[in-house]
Structures are given as structure tokens and as C-alpha cells.
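Containing TSV, C-alpha atoms and all ligand atoms: entry_28.tsv.
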chain	number	residue	atom	x	y	z
A	1	ALA	CA	23.50	-7.71	14.09
A	2	LEU	CA	21.18	-10.70	13.83
A	3	HIS	CA	20.29	-12.38	17.10
A	4	THR	CA	20.32	-16.17	17.33
A	5	ALA	CA	18.03	-17.78	19.91
A	6	GLN	CA	19.32	-21.08	21.30
A	7	GLN	CA	16.81	-23.23	23.16
A	8	GLU	CA	18.08	-23.81	26.69
A	9	LYS	CA	15.13	-25.58	28.35
A	10	ASN	CA	12.46	-28.02	27.21
A	11	SER	CA	8.71	-27.45	26.92
A	12	GLU	CA	7.88	-28.75	30.40
A	13	ASP	CA	10.02	-26.00	31.94
A	14	TYR	CA	8.25	-23.28	29.95
A	15	GLN	CA	4.83	-24.81	30.70
A	16	GLU	CA	5.75	-24.34	34.37
A	17	VAL	CA	6.39	-20.63	33.75
A	18	TYR	CA	3.13	-20.40	31.77
A	19	ASN	CA	1.26	-21.99	34.70
A	20	ALA	CA	2.83	-19.58	37.21
A	21	ILE	CA	1.76	-16.57	35.09
A	22	ALA	CA	-1.74	-18.01	34.45
A	23	THR	CA	-2.25	-18.84	38.15
A	24	LYS	CA	-1.19	-15.35	39.20
A	25	MET	CA	-3.62	-13.90	36.62
A	26	ARG	CA	-6.41	-15.87	38.28
A	27	GLU	CA	-5.37	-14.77	41.77
A	28	GLU	CA	-5.34	-11.09	40.77
A	29	LYS	CA	-8.39	-10.96	38.49
A	30	ASP	CA	-9.85	-7.89	40.17
A	31	PHE	CA	-7.07	-5.65	38.81
A	32	ASP	CA	-8.23	-2.65	36.72
A	33	ASN	CA	-11.97	-2.90	37.40
A	34	ASN	CA	-11.97	-6.70	37.07
A	35	ASN	CA	-10.24	-6.65	33.69
A	36	GLY	CA	-7.37	-8.53	35.30
A	37	TYR	CA	-3.78	-8.46	34.07
A	38	GLY	CA	-4.40	-10.17	30.72
A	39	PRO	CA	-4.83	-7.02	28.60
A	40	VAL	CA	-1.83	-5.13	30.00
A	41	LEU	CA	0.37	-8.25	29.60
A	42	VAL	CA	-0.63	-8.46	25.93
A	43	ARG	CA	0.09	-4.76	25.42
A	44	LEU	CA	3.48	-5.15	27.16
A	45	SER	CA	4.45	-8.02	24.81
A	46	TRP	CA	3.58	-5.80	21.83
A	47	HIS	CA	5.42	-2.72	23.14
A	48	VAL	CA	8.65	-4.62	23.83
A	49	SER	CA	8.48	-5.91	20.23
A	50	GLY	CA	7.19	-2.74	18.54
A	51	THR	CA	10.51	-0.91	18.98
A	52	TRP	CA	12.08	-3.12	16.28
A	53	ASP	CA	13.65	-1.38	13.30
A	54	LYS	CA	14.26	-3.60	10.26
A	55	ARG	CA	16.90	-1.16	8.92
A	56	ASP	CA	19.48	-1.94	11.59
A	57	ASN	CA	17.75	-4.73	13.51
A	58	SER	CA	17.74	-2.55	16.62
A	59	GLY	CA	15.02	-2.80	19.28
A	60	GLY	CA	12.57	-5.69	19.31
A	61	SER	CA	11.91	-8.32	21.97
A	62	PHE	CA	15.31	-10.12	21.95
A	63	GLY	CA	17.30	-8.07	24.50
A	64	GLY	CA	14.55	-7.51	27.09
A	65	THR	CA	15.61	-3.85	27.25
A	66	TYR	CA	12.14	-2.73	28.45
A	67	ARG	CA	13.49	-3.52	31.95
A	68	PHE	CA	15.62	-0.35	31.78
A	69	LYS	CA	13.93	2.92	32.76
A	70	LYS	CA	14.61	4.78	29.51
A	71	GLU	CA	12.41	2.32	27.62
A	72	MET	CA	10.01	1.67	30.52
A	73	ASN	CA	9.27	5.37	30.87
A	74	ASP	CA	8.45	5.96	27.20
A	75	PRO	CA	5.39	8.24	27.49
A	76	LEU	CA	3.60	6.04	24.92
A	77	SER	CA	3.94	3.08	27.31
A	78	ARG	CA	2.33	4.69	30.33
A	79	GLY	CA	0.50	2.05	32.39
A	80	LEU	CA	2.65	-0.88	31.24
A	81	GLN	CA	4.64	-0.66	34.48
A	82	ASN	CA	1.68	-2.57	36.01
A	83	GLY	CA	2.45	-5.45	33.67
A	84	PHE	CA	6.15	-5.30	34.51
A	85	LYS	CA	5.42	-5.32	38.29
A	86	PHE	CA	3.11	-8.31	37.82
A	87	LEU	CA	5.93	-10.24	36.10
A	88	GLU	CA	8.59	-9.39	38.73
A	89	SER	CA	7.61	-12.33	40.98
A	90	ILE	CA	7.72	-14.65	37.94
A	91	ASP	CA	11.16	-13.26	37.08
A	92	LYS	CA	12.37	-14.13	40.62
A	93	GLN	CA	10.80	-17.58	40.55
A	94	PHE	CA	12.52	-18.45	37.24
A	95	PRO	CA	15.90	-16.63	37.25
A	96	TRP	CA	17.06	-18.68	34.24
A	97	LEU	CA	14.40	-17.08	32.00
A	98	SER	CA	15.54	-14.06	29.96
A	99	HIS	CA	13.49	-10.84	30.12
A	100	GLY	CA	12.70	-10.99	26.41
A	101	ASP	CA	11.32	-14.50	26.86
A	102	LEU	CA	9.45	-13.40	30.02
A	103	PHE	CA	7.76	-10.39	28.37
A	104	THR	CA	6.70	-12.31	25.25
A	105	LEU	CA	5.64	-15.43	27.17
A	106	GLY	CA	3.52	-13.15	29.37
A	107	GLY	CA	1.57	-12.02	26.31
A	108	VAL	CA	1.18	-15.55	24.93
A	109	THR	CA	-0.06	-16.85	28.30
A	110	ALA	CA	-2.53	-13.96	28.62
A	111	ILE	CA	-3.97	-14.49	25.11
A	112	GLN	CA	-4.49	-18.22	25.68
A	113	GLU	CA	-5.93	-17.80	29.18
A	114	MET	CA	-8.42	-15.20	27.81
A	115	GLN	CA	-9.77	-17.90	25.43
A	116	GLY	CA	-7.70	-16.69	22.49
A	117	PRO	CA	-5.85	-18.81	19.91
A	118	LYS	CA	-2.90	-21.10	20.73
A	119	ILE	CA	0.30	-19.19	20.02
A	120	PRO	CA	3.33	-21.46	19.28
A	121	TRP	CA	6.10	-19.67	21.18
A	122	ARG	CA	9.85	-20.00	20.64
A	123	SER	CA	12.37	-19.36	23.42
A	124	GLY	CA	16.01	-18.33	23.63
A	125	ARG	CA	16.04	-14.53	23.72
A	126	VAL	CA	19.14	-13.23	25.56
A	127	ASP	CA	19.29	-10.13	27.82
A	128	GLU	CA	21.19	-7.18	26.38
A	129	PRO	CA	22.80	-4.32	28.34
A	130	GLU	CA	21.33	-0.87	28.93
A	131	SER	CA	23.48	0.51	26.10
A	132	MET	CA	21.23	-1.39	23.69
A	133	VAL	CA	18.00	0.35	24.78
A	134	PRO	CA	16.31	1.76	21.65
A	135	ASP	CA	15.30	5.44	21.64
A	136	ASN	CA	11.76	6.43	22.58
A	137	GLY	CA	9.51	7.40	19.68
A	138	ARG	CA	9.33	4.04	17.93
A	139	LEU	CA	5.82	3.20	19.15
A	140	PRO	CA	2.71	4.46	17.35
A	141	GLU	CA	0.53	7.38	18.41
A	142	PRO	CA	-3.27	6.95	18.54
A	143	HIS	CA	-4.30	10.34	17.10
A	144	TYR	CA	-4.11	9.75	13.37
A	145	GLY	CA	-5.79	7.96	10.47
A	146	ALA	CA	-5.20	5.19	7.94
A	147	ASP	CA	-2.23	6.74	6.11
A	148	TYR	CA	-0.38	7.04	9.41
A	149	VAL	CA	-1.18	3.46	10.45
A	150	ARG	CA	-0.15	2.09	7.03
A	151	SER	CA	3.16	3.93	6.97
A	152	TYR	CA	3.89	3.06	10.60
A	153	TYR	CA	3.64	-0.68	9.97
A	154	GLU	CA	5.78	-0.47	6.84
A	155	ARG	CA	8.64	-0.71	9.35
A	156	PHE	CA	7.61	-4.31	9.95
A	157	ASN	CA	6.78	-5.11	6.31
A	158	PHE	CA	3.24	-5.86	7.47
A	159	THR	CA	0.52	-5.97	4.77
A	160	ASP	CA	-2.92	-4.33	5.19
A	161	GLN	CA	-4.32	-7.74	6.12
A	162	GLU	CA	-1.66	-8.26	8.81
A	163	VAL	CA	-2.23	-4.79	10.28
A	164	VAL	CA	-5.99	-5.36	10.56
A	165	ALA	CA	-5.51	-8.82	12.08
A	166	LEU	CA	-2.98	-7.50	14.63
A	167	LEU	CA	-5.17	-4.58	15.75
A	168	GLY	CA	-7.94	-7.01	16.69
A	169	ALA	CA	-6.12	-7.18	20.04
A	170	HIS	CA	-7.99	-3.97	20.85
A	171	VAL	CA	-10.88	-6.15	21.86
A	172	LEU	CA	-8.94	-6.45	25.12
A	173	GLY	CA	-8.78	-4.03	28.02
A	174	LYS	CA	-9.32	-0.32	27.91
A	175	ALA	CA	-7.86	3.11	27.47
A	176	HIS	CA	-7.17	5.06	30.68
A	177	LEU	CA	-7.26	8.83	30.41
A	178	LYS	CA	-4.23	9.28	32.68
A	179	ASN	CA	-2.17	6.82	30.59
A	180	SER	CA	-2.88	7.84	27.02
A	181	GLY	CA	-5.35	10.73	26.99
A	182	TYR	CA	-8.07	8.33	25.77
A	183	ASP	CA	-10.80	6.75	27.87
A	184	GLY	CA	-13.02	3.67	27.82
A	185	PRO	CA	-14.72	1.38	27.00
A	186	TRP	CA	-16.77	1.24	30.11
A	187	ASP	CA	-17.95	-2.34	29.71
A	188	ASP	CA	-16.31	-5.09	31.72
A	189	GLU	CA	-16.35	-7.88	29.18
A	190	SER	CA	-13.00	-6.83	27.72
A	191	ASN	CA	-10.91	-9.76	28.94
A	192	ILE	CA	-12.14	-12.34	26.46
A	193	PHE	CA	-10.16	-12.64	23.23
A	194	SER	CA	-12.64	-12.70	20.34
A	195	ASN	CA	-13.38	-10.97	17.00
A	196	ALA	CA	-15.78	-8.56	18.76
A	197	PHE	CA	-13.54	-5.58	17.90
A	198	TYR	CA	-14.41	-5.93	14.21
A	199	ASP	CA	-18.08	-6.63	14.89
A	200	ASN	CA	-18.38	-3.52	17.03
A	201	LEU	CA	-16.52	-1.41	14.48
A	202	LEU	CA	-18.89	-2.48	11.69
A	203	LYS	CA	-22.23	-2.75	13.45
A	204	LEU	CA	-22.33	0.02	16.03
A	205	LYS	CA	-22.88	3.74	15.61
A	206	TRP	CA	-19.66	5.69	16.32
A	207	THR	CA	-19.86	9.36	17.29
A	208	PRO	CA	-16.69	11.49	17.22
A	209	GLU	CA	-16.27	13.27	20.55
A	210	ILE	CA	-13.61	15.40	22.20
A	211	ASN	CA	-12.72	13.66	25.47
A	212	ASP	CA	-11.63	15.24	28.78
A	213	ALA	CA	-8.01	15.31	27.62
A	214	GLY	CA	-9.00	17.26	24.48
A	215	ASN	CA	-8.48	14.29	22.14
A	216	LYS	CA	-10.98	13.13	19.54
A	217	GLN	CA	-12.23	9.58	20.04
A	218	TYR	CA	-15.22	7.64	18.68
A	219	ASP	CA	-17.87	6.67	21.21
A	220	ASN	CA	-20.87	4.38	21.12
A	221	LYS	CA	-23.39	5.59	23.67
A	222	GLU	CA	-25.60	2.51	23.76
A	223	LYS	CA	-22.86	0.09	24.80
A	224	GLY	CA	-20.34	2.48	26.35
A	225	TYR	CA	-17.67	1.38	23.85
A	226	MET	CA	-14.97	3.56	22.29
A	227	MET	CA	-12.53	3.47	19.39
A	228	LEU	CA	-9.25	5.33	18.97
A	229	PRO	CA	-8.75	7.34	15.77
A	230	THR	CA	-6.31	4.62	14.62
A	231	ASP	CA	-8.98	1.98	15.29
A	232	TYR	CA	-11.64	3.91	13.40
A	233	ALA	CA	-9.20	4.29	10.50
A	234	LEU	CA	-9.68	0.57	9.79
A	235	PHE	CA	-13.35	1.33	9.10
A	236	GLN	CA	-12.71	4.50	7.10
A	237	ASP	CA	-10.08	3.05	4.76
A	238	PRO	CA	-11.61	0.81	2.04
A	239	LYS	CA	-8.52	-1.42	1.81
A	240	TYR	CA	-8.52	-2.07	5.57
A	241	LEU	CA	-12.35	-2.34	5.67
A	242	LYS	CA	-12.23	-5.44	3.46
A	243	TYR	CA	-10.34	-7.33	6.18
A	244	VAL	CA	-12.43	-5.85	9.02
A	245	LYS	CA	-15.47	-7.44	7.33
A	246	ALA	CA	-13.68	-10.76	6.82
A	247	TYR	CA	-12.75	-11.00	10.50
A	248	ALA	CA	-16.14	-9.79	11.75
A	249	ASN	CA	-17.69	-12.72	9.85
A	250	ASP	CA	-15.13	-15.41	10.66
A	251	GLN	CA	-13.58	-15.73	14.12
A	252	ASP	CA	-11.52	-18.79	13.10
A	253	LEU	CA	-9.94	-16.83	10.26
A	254	PHE	CA	-9.20	-13.99	12.69
A	255	PHE	CA	-7.61	-16.40	15.18
A	256	LYS	CA	-5.47	-17.99	12.46
A	257	ASP	CA	-4.30	-14.67	11.00
A	258	PHE	CA	-3.75	-13.03	14.40
A	259	THR	CA	-1.57	-15.96	15.51
A	260	LYS	CA	0.61	-15.58	12.42
A	261	VAL	CA	1.15	-11.83	12.64
A	262	TYR	CA	1.52	-11.74	16.44
A	263	THR	CA	4.21	-14.45	16.21
A	264	LYS	CA	5.96	-12.41	13.49
A	265	LEU	CA	5.79	-9.33	15.74
A	266	ILE	CA	7.33	-10.95	18.84
A	267	GLU	CA	10.01	-12.76	16.79
A	268	ASN	CA	11.11	-9.86	14.56
A	269	GLY	CA	14.91	-9.60	14.32
A	270	ILE	CA	15.55	-13.04	15.81
A	271	GLU	CA	17.02	-16.09	14.06
A	272	PHE	CA	15.71	-19.39	15.48
A	273	PRO	CA	17.77	-22.47	14.53
A	274	LYS	CA	15.48	-25.25	13.26
A	275	GLU	CA	16.23	-27.40	16.32
A	276	ASN	CA	14.77	-24.59	18.47
A	277	LYS	CA	11.19	-25.83	18.14
A	278	PRO	CA	8.09	-23.81	19.13
A	279	HIS	CA	6.50	-24.70	22.46
A	280	LEU	CA	2.74	-25.27	22.44
A	281	PHE	CA	1.19	-24.59	25.85
A	282	LYS	CA	-1.88	-26.13	27.44
A	283	THR	CA	-4.25	-23.73	29.20
A	284	LEU	CA	-4.83	-24.23	32.94
A	285	LYS	CA	-8.30	-25.49	32.02
A	286	GLU	CA	-6.89	-28.09	29.61
A	287	GLN	CA	-4.65	-29.31	32.45
A	288	GLY	CA	-7.67	-29.64	34.72
A	289	LYS	CA	-6.35	-26.85	36.97
A	301	LIG	C1	-1.78	1.68	15.58
A	301	LIG	C2	-1.25	0.90	16.54
A	301	LIG	C3	-1.66	1.04	17.97
A	301	LIG	C4	-1.97	2.17	18.69
A	301	LIG	C5	-1.92	3.63	18.24
A	301	LIG	C6	-2.35	1.72	20.04
A	301	LIG	C7	-2.74	2.58	21.07
A	301	LIG	C8	-3.23	2.16	22.29
A	301	LIG	C9	-3.69	3.06	23.33
A	301	LIG	C10	-3.69	4.58	23.27
A	301	LIG	C11	-4.13	2.27	24.36
A	301	LIG	C12	-4.69	2.74	25.71
A	301	LIG	C13	-3.58	2.71	26.75
A	301	LIG	C14	-4.11	3.19	28.10
A	301	LIG	O1	-4.69	4.31	28.10
A	301	LIG	O2	-3.95	2.47	29.12
A	301	LIG	C15	-3.95	0.89	23.97
A	301	LIG	C16	-4.29	-0.20	24.76
A	301	LIG	C17	-4.07	-1.51	24.40
A	301	LIG	N1	-3.40	-1.95	23.27
A	301	LIG	FE1	-2.90	-0.81	21.67
A	301	LIG	N2	-2.28	0.35	20.11
A	301	LIG	C18	-1.85	-0.10	18.89
A	301	LIG	C19	-1.61	-1.43	18.55
A	301	LIG	C20	-1.73	-2.50	19.42
A	301	LIG	C21	-1.28	-3.86	19.11
A	301	LIG	C22	-0.59	-4.28	17.82
A	301	LIG	C23	-1.60	-4.63	20.21
A	301	LIG	C24	-1.37	-6.11	20.46
A	301	LIG	C25	-1.15	-7.00	19.51
A	301	LIG	C26	-2.24	-3.75	21.17
A	301	LIG	C27	-2.76	-4.17	22.39
A	301	LIG	C28	-3.36	-3.32	23.32
A	301	LIG	C29	-4.06	-3.79	24.50
A	301	LIG	C30	-4.27	-5.26	24.91
A	301	LIG	C31	-4.51	-2.66	25.19
A	301	LIG	C32	-5.30	-2.61	26.50
A	301	LIG	C33	-4.31	-2.42	27.63
A	301	LIG	C34	-4.99	-2.24	28.99
A	301	LIG	O3	-6.20	-2.56	29.13
A	301	LIG	O4	-4.29	-1.80	29.94
A	301	LIG	N3	-2.30	-2.46	20.68
A	301	LIG	N4	-3.41	0.85	22.70
A	302	LIG	N1	-15.03	-3.04	23.26
A	302	LIG	C1	-14.65	-2.21	22.31
A	302	LIG	O1	-15.38	-1.39	21.77
A	302	LIG	C2	-13.20	-2.21	21.91
A	302	LIG	C3	-12.41	-1.44	22.97
A	302	LIG	N2	-11.28	-0.76	22.37
A	302	LIG	C4	-11.31	-0.13	21.18
A	302	LIG	N3	-10.12	0.43	20.96
A	302	LIG	C5	-9.32	0.16	22.01
A	302	LIG	C6	-7.99	0.50	22.25
A	302	LIG	C7	-7.41	0.06	23.43
A	302	LIG	C8	-8.14	-0.71	24.33
A	302	LIG	C9	-9.47	-1.07	24.09
A	302	LIG	C10	-10.04	-0.61	22.91
What's the C-alpha cells form of this structure?
Ligand code: HEM
Ligand SMILES: NC(=O)CCn1cnc2ccccc21
Amino acid sequence: ALHTAQQEKNSEDYQEVYNAIATKMREEKDFDNNNGYGPVLVRLSWHVSGTWDKRDNSGGSFGGTYRFKKEMNDPLSRGLQNGFKFLESIDKQFPWLSHGDLFTLGGVTAIQEMQGPKIPWRSGRVDEPESMVPDNGRLPEPHYGADYVRSYYERFNFTDQEVVALLGAHVLGKAHLKNSGYDGPWDDESNIFSNAFYDNLLKLKWTPEINDAGNKQYDNKEKGYMMLPTDYALFQDPKYLKYVKAYANDQDLFFKDFTKVYTKLIENGIEFPKENKPHLFKTLKEQGK
């Protein structure tokens, strides 16, 4: 069943929600070794959307079903509960906002407040009941290479270029051994949204290592950076590598392409009537806050 998103509030109302999330991010910037909540909010917005299945239009961000424990406790989402807890006070402050809108707006706010691109965001997702929670197992695993990544994103009809642009979000935050069985990076500059992911992938020396959870990851000793096998796949696969180079050399192109594919991701399965216009948010800084 296709979901139609009606716009119920105007941009000023959503800018107020944006400001509440952005202000709370500033107040709690010491979270996770001073990474702050930005990275986990971005990952949450992707996980609530990554359950979408084009075959029956199940899952996806529309119904806000991540709020139910079956989806929240998906082992591949370990650690995202921190993002959910962060958004609980926002949920209470704006009871009229649906959970699907809350989770996706959280990611948009985080990207913009971490100096990323402006993401035009459309509202109107409607909460669905627990019976609509998609099964676990729809999110990707980090252990495999390019063939796995390519076939995984076929579910979204994403091209190689879109997959590479989307994965640039792995410039943010870090892996935590207890969450995913991967660990690092150990630098603390991972809360600025930039094209550094591609630069690092191309320019640094990556050494395969078995980590303390017995998983193979790629480490750079000099900088204390790491890459998952699925990250490194973008370097190994010649078709992906072409776009890794393009984005390493052109941050504006990366920002433009990331904005397009991230918007596609968080809107998959949703019909937006043309009168339901995207909202463009000002950052706190642009508002002089
Ligand atoms: C092949 C697809 C992907 C795989 C296998 C994957 C896997 C992972 C893993 C294992 C972690 C570490 C989690 C932890 O230990 O806390 C992680 C973190 C993260 N992922 Fe992905 N991911 C993928 C795609 C994406 C996409 C499409 C986005 C956003 C557009 C994204 C955004 C993030 C962010 C921001 C973090 C850092 C979270 C934090 O610091 O707590 N990932 N990812
Ligand atoms: N700073 C870097 O080397 C990128 C960090 N990084 C690479 N793959 C990642 C996957 C999840 C979070 C951070 C990640």
C-alpha cells in the first residue's frame, strides 16, 4: 500500500523542532567521547529507512515503527537506542509530530548542524501500529565486500554512484566493539560532515587486522582510523572506485549527490502531494543562535 504524506504544519513549526533538536545536540556535545549525538542521529534516520522493501512497500520511515521493541532491538541496530532516548524529550515537546517525521528530521538536523549540506525535508509521515513492524534482517551486515554491497542496495534501485555517495556518511562517528563487533576510529574529529571518508580511503595505508571481536577490519596506524569491510569494498571495486575518486576531489559534488540519495532513502515508499512542499531549515548559526 502506498503511503500519502499530507502536510499538517508549516515550515516555522518544523524549524522550531529543528531548533529544539539542534540546541539539545549543543547541550549534550560530550556524548560518546565528545562525538555528540549527531552521528547516532544520522545512523538512526538511515536505519528507520533502510528496512524498506520495494516489492511490497513494507518497512521504511513512514510508520515510525522503530519505536516498537522488535525493530528497536534488531541486533544490527545496537547503540541506536541512544539516539531514540535523545529524541524522547523532543517527542514529548512536540506531540503533534509523527515518529517517522521525528526520526528523519533528527538525521536532517544532525547533518546540517555538523556543517553538512542543506537537506530539503518533507513532512507528513503517519504512525503505524506494532503489527506493521518489519522483520529484522533487512539492514546490511558489515562483514562482506562489493558484491554484497551492490546486491544489498538493489533493493532500493540505487546505482553504484548513489551507493558510494550515501556511504560517505561514514565520515561521521565511530564503530563501538560492543555494538557491532567493529572498533574505531580513535580520532575525535568525526562530527564534521565532509568528504574526508573518500580522501582517507584513497590516500591512507589500510592494513587488514582481526579485531578483538574476531572480525577483520582495515586500520590506519598513523591516524588511528578504521574502515569496515563494506567501506573498503568501495576502494577494491573498480566501478565504485571511480566515484570514490570523484568525491575525494570535489566536496561540492559529494554534498549535492549525498543530498539527493539521502532524500531518496528517507522518502522511499512515500507519496508526497505536490502541495506538500519541502521545508528548508536554517542552522542555529544562520539564525544567530
Ligand atoms: C553497507 C551499508 C552499511 C553498513 C554495513 C554499515 C555498518 C555500520 C556499522 C557496523 C557501524 C558501527 C556501529 C557501532 O558499532 O556503533 C556504523 C556506524 C554508522 N553508520 Fe553505517 N553502515 C552502512 C551504511 C550507512 C548509511 C547509508 C549511513 C547514513 C546515510 C550510515 C551512517 C552511519 C553513521 C553516522 C555511523 C556512526 C554512528 C555512531 O557514531 O554511533 N551507515 N555503520
Ligand atoms: N575517519 C575515518 O577513517 C572514517 C571512520 N569510519 C570508517 N568507517 C566507518 C563506519 C562507521 C563509523 C565510522 C567509520
Which residues of chain A come within 8 Å of ligand LIG 301 (chain A), and for each one, what is the closest pair of atoms and their distance in Å to one decimal, counting all atoms listed in the file, sorted by chain and residue number, as a Markdown table?
| residue | atom | partner | partner_atom | distance |
| --- | --- | --- | --- | --- |
| A:Asp32 | CA | A:LIG301 | O3 | 7.9 |
| A:Asn35 | CA | A:LIG301 | O3 | 7.3 |
| A:Tyr37 | CA | A:LIG301 | O4 | 7.9 |
| A:Gly38 | CA | A:LIG301 | C30 | 7.6 |
| A:Pro39 | CA | A:LIG301 | C30 | 4.1 |
| A:Val40 | CA | A:LIG301 | O4 | 4.1 |
| A:Leu41 | CA | A:LIG301 | C30 | 7.2 |
| A:Val42 | CA | A:LIG301 | C30 | 5.0 |
| A:Arg43 | CA | A:LIG301 | C27 | 4.2 |
| A:Leu44 | CA | A:LIG301 | C27 | 7.9 |
| A:Ser45 | CA | A:LIG301 | C24 | 7.5 |
| A:Trp46 | CA | A:LIG301 | C24 | 5.1 |
| A:His47 | CA | A:LIG301 | C23 | 7.8 |
| A:Gly50 | CA | A:LIG301 | C22 | 8.0 |
| A:Leu76 | CA | A:LIG301 | C10 | 7.6 |
| A:Ser77 | CA | A:LIG301 | C13 | 7.5 |
| A:Arg78 | CA | A:LIG301 | O2 | 6.8 |
| A:Gly79 | CA | A:LIG301 | O2 | 5.5 |
| A:Leu80 | CA | A:LIG301 | O4 | 7.1 |
| A:Leu139 | CA | A:LIG301 | C5 | 7.8 |
| A:Pro140 | CA | A:LIG301 | C5 | 4.8 |
| A:Glu141 | CA | A:LIG301 | C5 | 4.5 |
| A:Pro142 | CA | A:LIG301 | C5 | 3.6 |
| A:His143 | CA | A:LIG301 | C5 | 7.2 |
| A:Val149 | CA | A:LIG301 | C1 | 5.5 |
| A:Tyr152 | CA | A:LIG301 | C1 | 7.7 |
| A:Val163 | CA | A:LIG301 | C22 | 7.7 |
| A:Leu166 | CA | A:LIG301 | C22 | 5.1 |
| A:Leu167 | CA | A:LIG301 | C22 | 5.0 |
| A:Gly168 | CA | A:LIG301 | C25 | 7.4 |
| A:Ala169 | CA | A:LIG301 | C24 | 4.9 |
| A:His170 | CA | A:LIG301 | C28 | 5.3 |
| A:Val171 | CA | A:LIG301 | C30 | 7.3 |
| A:Leu172 | CA | A:LIG301 | C30 | 4.8 |
| A:Gly173 | CA | A:LIG301 | O3 | 3.2 |
| A:Lys174 | CA | A:LIG301 | O3 | 4.0 |
| A:Ala175 | CA | A:LIG301 | O1 | 3.4 |
| A:His176 | CA | A:LIG301 | O1 | 3.7 |
| A:Leu177 | CA | A:LIG301 | O1 | 5.7 |
| A:Lys178 | CA | A:LIG301 | O1 | 6.8 |
| A:Asn179 | CA | A:LIG301 | O1 | 4.3 |
| A:Ser180 | CA | A:LIG301 | O1 | 4.1 |
| A:Gly181 | CA | A:LIG301 | O1 | 6.5 |
| A:Tyr182 | CA | A:LIG301 | O1 | 5.7 |
| A:Asp183 | CA | A:LIG301 | O1 | 6.6 |
| A:Leu228 | CA | A:LIG301 | C10 | 7.1 |
| A:Thr230 | CA | A:LIG301 | C1 | 5.5 |
| A:Asp231 | CA | A:LIG301 | C1 | 7.2 |
| A:Tyr262 | CA | A:LIG301 | C25 | 6.2 |
Around all of ligand LIG 302 (chain A)'s listed atoms, make the axis-aligned box with 6 Å on each side and tell me centre and edge lengths in Å to one decimal, as lines of an AutoDock Vina configuration file.
center_x = -11.4
center_y = -1.3
center_z = 22.6
size_x = 20.0
size_y = 15.5
size_z = 15.4
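Between CA of Glu27 in chain A and CA of Asn10 in chain A there is a distance of 26.6 Å.
Using all atoms listed in the file for every distance, the candidate list A:Lys29, A:Lys245, A:His279, A:Lys274 yields A:Lys245 as the residue closest to Phe197 in chain A.
Each of A:Ser61, A:Gln236, A:Asn82, A:Gln217 was compared to Arg122 in chain A using all atoms listed in the file, and A:Ser61 turns out to be the nearest.
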Of the candidates A:Lys118, A:Lys239, A:Lys203, A:Arg150, which shows the shortest atom-to-atom distance to Thr259 in chain A, using all atoms listed in the file?
A:Lys118
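CA of Val126 in chain A to CA of Thr65 in chain A spans 10.2 Å [interatomic distance, one decimal].
Closest approach to ligand LIG 302 (chain A) among A:Ile111, A:Leu265, A:Leu201, A:Ala246 is made by A:Leu201 (distances from only C-alpha atoms and all ligand atoms).
Of the residues under consideration (A:Phe103, A:Phe62, A:Phe156, A:Phe84), A:Phe62 shows the shortest atom-to-atom contact distance to His3 in chain A when counting only C-alpha atoms.
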Coordinates-based distance that separates CA of Met227 in chain A from CA of Gly214 in chain A (Å, one decimal)
15.1 Å
Out of A:Gln6, A:Asn200, A:Asn195, A:Leu280, which residue has the shortest atom-to-atom distance to Gly116 in chain A when counting all atoms listed in the file?
A:Asn195
Can you pull out the residues contacting range 284-286 of chain A? Cut-off 9 Å, using only C-alpha atoms, and skip same-chain residues under 6 positions away; I want them as a ChimeraX atom specification.
/A:18-19,22-23,113
Resulting file, chosen residues, C-alpha atoms, as a PDB file, in the coordinates of the input:
ATOM      1  CA  TYR A  18       3.130 -20.400  31.770  1.00  0.00           C
ATOM      2  CA  ASN A  19       1.260 -21.990  34.700  1.00  0.00           C
ATOM      3  CA  ALA A  22      -1.740 -18.010  34.450  1.00  0.00           C
ATOM      4  CA  THR A  23      -2.250 -18.840  38.150  1.00  0.00           C
ATOM      5  CA  GLU A 113      -5.930 -17.800  29.180  1.00  0.00           C
TER       6      GLU A 113
END
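Excluding Gly137 in chain A itself and same-chain residues fewer than 5 positions from it, the residues having an atom within 9 Å of it are Thr51, Asp74, Pro75 and Leu76 of chain A, counting only C-alpha atoms.
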Would you mind listing what lies within 8 Å of Lys70 in chain A as a PDB file with C-alpha atoms, keeping the file's coordinate frame, with all atoms listed in the file counted and same-chain residues fewer than 6 positions away left out?
ATOM      1  CA  VAL A 133      18.000   0.350  24.780  1.00  0.00           C
ATOM      2  CA  ASP A 135      15.300   5.440  21.640  1.00  0.00           C
ATOM      3  CA  ASN A 136      11.760   6.430  22.580  1.00  0.00           C
TER       4      ASN A 136
END
Residues at most 9 Å from Gln161 in chain A, counting all atoms listed in the file, excluding those fewer than 5 positions away in the same chain, as a PDB file with C-alpha atoms, in the frame of the given file?
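Output below, filename result_36.pdb:
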ATOM      1  CA  LEU A 166      -2.980  -7.500  14.630  1.00  0.00           C
ATOM      2  CA  LYS A 239      -8.520  -1.420   1.810  1.00  0.00           C
ATOM      3  CA  TYR A 240      -8.520  -2.070   5.570  1.00  0.00           C
ATOM      4  CA  LYS A 242     -12.230  -5.440   3.460  1.00  0.00           C
ATOM      5  CA  TYR A 243     -10.340  -7.330   6.180  1.00  0.00           C
ATOM      6  CA  VAL A 244     -12.430  -5.850   9.020  1.00  0.00           C
ATOM      7  CA  ASP A 257      -4.300 -14.670  11.000  1.00  0.00           C
TER       8      ASP A 257
END
